[in-house]
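Q: Before we start, here is the structure in question, set down as structure tokens.
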Protein chains: 2
Amino acid sequence: MNQTSPAFSVRVPDGDVLPRKVCDRCGFIAYENPKIVVGSVVRHEGRVLLCRRAIEPRRGFWTIPAGYMELNETPEGGAMREAREEAGAAIAIERLLAVYSVPRISQVQLIFRARLAAQDVAPGIETLELRFFGADEIPRDELAFPSVHWALDHDREAEAGAPPVPFGNPAGAAGDRMPDGRMLPVGEF
Amino acid sequence: MNQTSPAFSVRVPDGDVLPRKVCDRCGFIAYENPKIVVGSVVRHEGRVLLCRRAIEPRRGFWTIPAGYMELNETPEGGAMREAREEAGAAIAIERLLAVYSVPRISQVQLIFRARLAAQDVAPGIETLELRFFGADEIPRDELAFPSVHWALDHDREAEAGAPPVPFGNPAGAAGDRMPDGRMLPVGEF
């Protein structure tokens, strides 16, 4: 059992209209769909919780607690799980801050505003270090992904009184370039 | 080639923490993630566009133009594609109306408000019939899914001046029961 690997070719299955990956060994059709990332900007005493990534892509860079939504979760439940897994943090979700999309890697991100619901935090196995940053202390040159920049900016706008309408991608941004214009290779997302 | 079928067993792959479907024939790991449905409430001259479904589940029932988001789309682009495919409709997206989740079937729905951008519509192959309904004409007993009820209600609240904050599931609703309390079998979603 399980001594071979799948051998995919790309073709249009019977009754379908788009090409899909079909395994020539077993006939499995690997339907691929966009993935949902759920995460949160977690505030505590006026500062924001960031996690320094212990894993690739972007190991060593700072991010908000976020990750792939799992089966049978709600988005809010997924964001709470990610905060617990990556930062040992119990959080209270306040509202939906933003809906971003990164079409190049087929990703939709649902980012919530949240606050810390209990004092204790502790880095999970995917996290090297946790820190709370004030607005002027954010390590802008060491953020992991474009959408981390966006979420922190949008959270600050929300804090400053922007109406509670979720933000989307900044105008013209598709989520594959850092603020300095550098395009991230797909593997770095 | 492709003369057998996949033989999945459910186990935790090396380096993973959750059980996944692994094919005993080819070793393929079928990671399953929640799926994103994108759709729109399309207004035209004070009425709303509904499609009578030509396919299962819920053949013969009325729905808004909506379907699974495809790879490399934005949510807005996906909602526009679905309106084109199911109703031959060119639409202009106005804003995000609602974010619903149906955890039992691992679905997140992003529903937009839109207006018809060109007069012509024509049923696609998944649609038996198209019709524009005024608020009092909605065929409440013949709507396909709980979230169609929600979206039409929420669109009406938006039309009546509710602030432009996306709605979520009605309180306590998980999306698997019709308004009469009947639970839909999973195959009917």
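Chain identifiers are assigned as A, B, and so on, following the order in which chains appear in the structure tokens; residues are numbered from 1 within each chain, and ligands are numbered from 1 in order of appearance.
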Could you pull the residues within 12 Å of Gly88 of chain B, counting only C-alpha atoms, minus those fewer than 3 positions along the same chain, as a PyMOL selection string?
A: chain B and resi 49+51+65+80-85+91+116-127+129-130
Q: If you keep N, CA, C and O atoms, can you produce a file of those selected residues as a compact mmCIF listing (two decimals), in the first residue's frame?
A:
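And here is the file that came out, result-v8.txt:
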# COMPACT_ATOMS: atom_id res chain seq x y z
N LEU B 49 -33.23 39.36 -9.50
CA LEU B 49 -33.10 38.27 -10.47
C LEU B 49 -32.93 36.92 -9.76
O LEU B 49 -31.98 36.74 -8.99
N CYS B 51 -32.96 32.51 -10.40
CA CYS B 51 -32.78 31.44 -11.39
C CYS B 51 -33.43 30.17 -10.85
O CYS B 51 -33.18 29.78 -9.70
N PRO B 65 -27.93 33.84 -8.54
CA PRO B 65 -26.76 33.35 -9.29
C PRO B 65 -25.57 33.20 -8.34
O PRO B 65 -25.14 34.18 -7.72
N MET B 80 -19.35 37.59 -10.84
CA MET B 80 -19.71 38.06 -12.18
C MET B 80 -19.78 36.88 -13.16
O MET B 80 -20.68 36.81 -14.00
N ARG B 81 -18.83 35.95 -13.04
CA ARG B 81 -18.83 34.78 -13.91
C ARG B 81 -20.08 33.93 -13.68
O ARG B 81 -20.74 33.48 -14.64
N GLU B 82 -20.45 33.73 -12.42
CA GLU B 82 -21.63 32.91 -12.14
C GLU B 82 -22.90 33.56 -12.70
O GLU B 82 -23.77 32.87 -13.23
N ALA B 83 -23.02 34.88 -12.59
CA ALA B 83 -24.20 35.57 -13.14
C ALA B 83 -24.24 35.40 -14.66
O ALA B 83 -25.31 35.22 -15.25
N ARG B 84 -23.06 35.42 -15.28
CA ARG B 84 -22.99 35.25 -16.73
C ARG B 84 -23.36 33.81 -17.10
O ARG B 84 -24.16 33.58 -18.01
N GLU B 85 -22.80 32.83 -16.37
CA GLU B 85 -23.04 31.43 -16.72
C GLU B 85 -24.48 31.01 -16.46
O GLU B 85 -25.07 30.27 -17.24
N ILE B 91 -23.30 41.91 -14.93
CA ILE B 91 -23.67 42.63 -13.71
C ILE B 91 -22.55 43.58 -13.27
O ILE B 91 -21.39 43.39 -13.63
N LEU B 116 -27.97 44.90 -12.64
CA LEU B 116 -27.85 44.44 -14.01
C LEU B 116 -27.18 45.55 -14.83
O LEU B 116 -27.57 46.71 -14.76
N ALA B 117 -26.15 45.18 -15.59
CA ALA B 117 -25.41 46.18 -16.36
C ALA B 117 -25.84 46.22 -17.82
O ALA B 117 -25.45 47.12 -18.56
N ALA B 118 -26.62 45.24 -18.24
CA ALA B 118 -27.15 45.22 -19.61
C ALA B 118 -28.51 44.53 -19.56
O ALA B 118 -28.74 43.66 -18.72
N GLN B 119 -29.41 44.94 -20.43
CA GLN B 119 -30.79 44.45 -20.33
C GLN B 119 -30.93 42.94 -20.54
O GLN B 119 -31.74 42.29 -19.89
N ASP B 120 -30.15 42.41 -21.46
CA ASP B 120 -30.39 41.02 -21.86
C ASP B 120 -29.97 40.02 -20.80
O ASP B 120 -28.88 40.11 -20.25
N VAL B 121 -30.85 39.06 -20.56
CA VAL B 121 -30.48 37.89 -19.76
C VAL B 121 -31.00 36.66 -20.50
O VAL B 121 -31.90 36.75 -21.34
N ALA B 122 -30.40 35.51 -20.18
CA ALA B 122 -30.82 34.26 -20.84
C ALA B 122 -30.38 33.11 -19.97
O ALA B 122 -29.24 33.09 -19.49
N PRO B 123 -31.26 32.14 -19.69
CA PRO B 123 -30.89 31.05 -18.79
C PRO B 123 -29.72 30.23 -19.34
O PRO B 123 -29.69 29.91 -20.52
N GLY B 124 -28.76 29.93 -18.48
CA GLY B 124 -27.66 29.04 -18.85
C GLY B 124 -28.10 27.59 -18.70
O GLY B 124 -29.24 27.30 -18.33
N ILE B 125 -27.15 26.66 -18.95
CA ILE B 125 -27.54 25.24 -18.95
C ILE B 125 -27.90 24.73 -17.56
O ILE B 125 -28.54 23.70 -17.43
N GLU B 126 -27.52 25.45 -16.51
CA GLU B 126 -27.88 25.00 -15.16
C GLU B 126 -29.19 25.64 -14.69
O GLU B 126 -29.57 25.48 -13.54
N THR B 127 -29.86 26.36 -15.59
CA THR B 127 -31.02 27.16 -15.21
C THR B 127 -32.21 26.84 -16.10
O THR B 127 -32.11 26.85 -17.32
N GLU B 129 -35.19 28.57 -15.85
CA GLU B 129 -36.03 29.75 -16.06
C GLU B 129 -35.44 30.90 -15.25
O GLU B 129 -34.89 30.68 -14.16
N LEU B 130 -35.57 32.09 -15.79
CA LEU B 130 -35.13 33.30 -15.08
C LEU B 130 -36.35 34.16 -14.85
O LEU B 130 -37.23 34.25 -15.70
Q: Tell me the residues of chain A close to chain B, meaning within 8 Å using only C-alpha atoms, as a ChimeraX atom specification.
A: /A:1-7,23-28,30,32-36,69-75,101-106,108,164-166
Q: Distance atom CA of Gly67 of chain B-atom CA of Arg52 of chain B, one decimal place?
A: 13.9 Å
Q: I need the strand (DSSP E or B) residues of segment 23-188 of chain B per DSSP on the backbone, written as a VMD selection string.
A: chain B and resid 23 29 to 30 35 to 44 47 to 53 62 to 63 66 to 68 91 to 102 107 to 116 127 to 133 143 167 177 183
Q: Any idea what's packed within 6 Å of Ser40 of chain A, counting only C-alpha atoms, ignoring anything in its chain fewer than 5 positions away? Could you give it as a list in words?
A: Ile111, Phe112 and Arg113 of chain A
Q: Can you tell me how far atom CA of Ala160 of chain A sits from atom CA of Arg182 of chain A, in Å to one decimal?
A: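 Between atom CA of Ala160 of chain A and atom CA of Arg182 of chain A the gap works out to 29.3 Å.
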Q: Write out as a count of residues only which residues come within 12 Å of Pro185 of chain A when counting only C-alpha atoms, dropping same-chain ones fewer than 3 positions away.
A: 12
Q: Taking into account only C-alpha atoms, which residue in the set B:Ala144, B:Leu184, B:Ile138, B:Leu152 is nearest to Trp62 of chain B?
A: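 When distances to Trp62 of chain B are compared using only C-alpha atoms, the smallest one comes from B:Ala144.
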Q: Pick from B:Gly78, B:Pro13, B:Gly134, B:Gly161: nearest to His44 of chain B, with only C-alpha atoms counted?
A: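 Between B:Gly78, B:Pro13, B:Gly134, B:Gly161, the residue approaching His44 of chain B most closely is B:Gly134.
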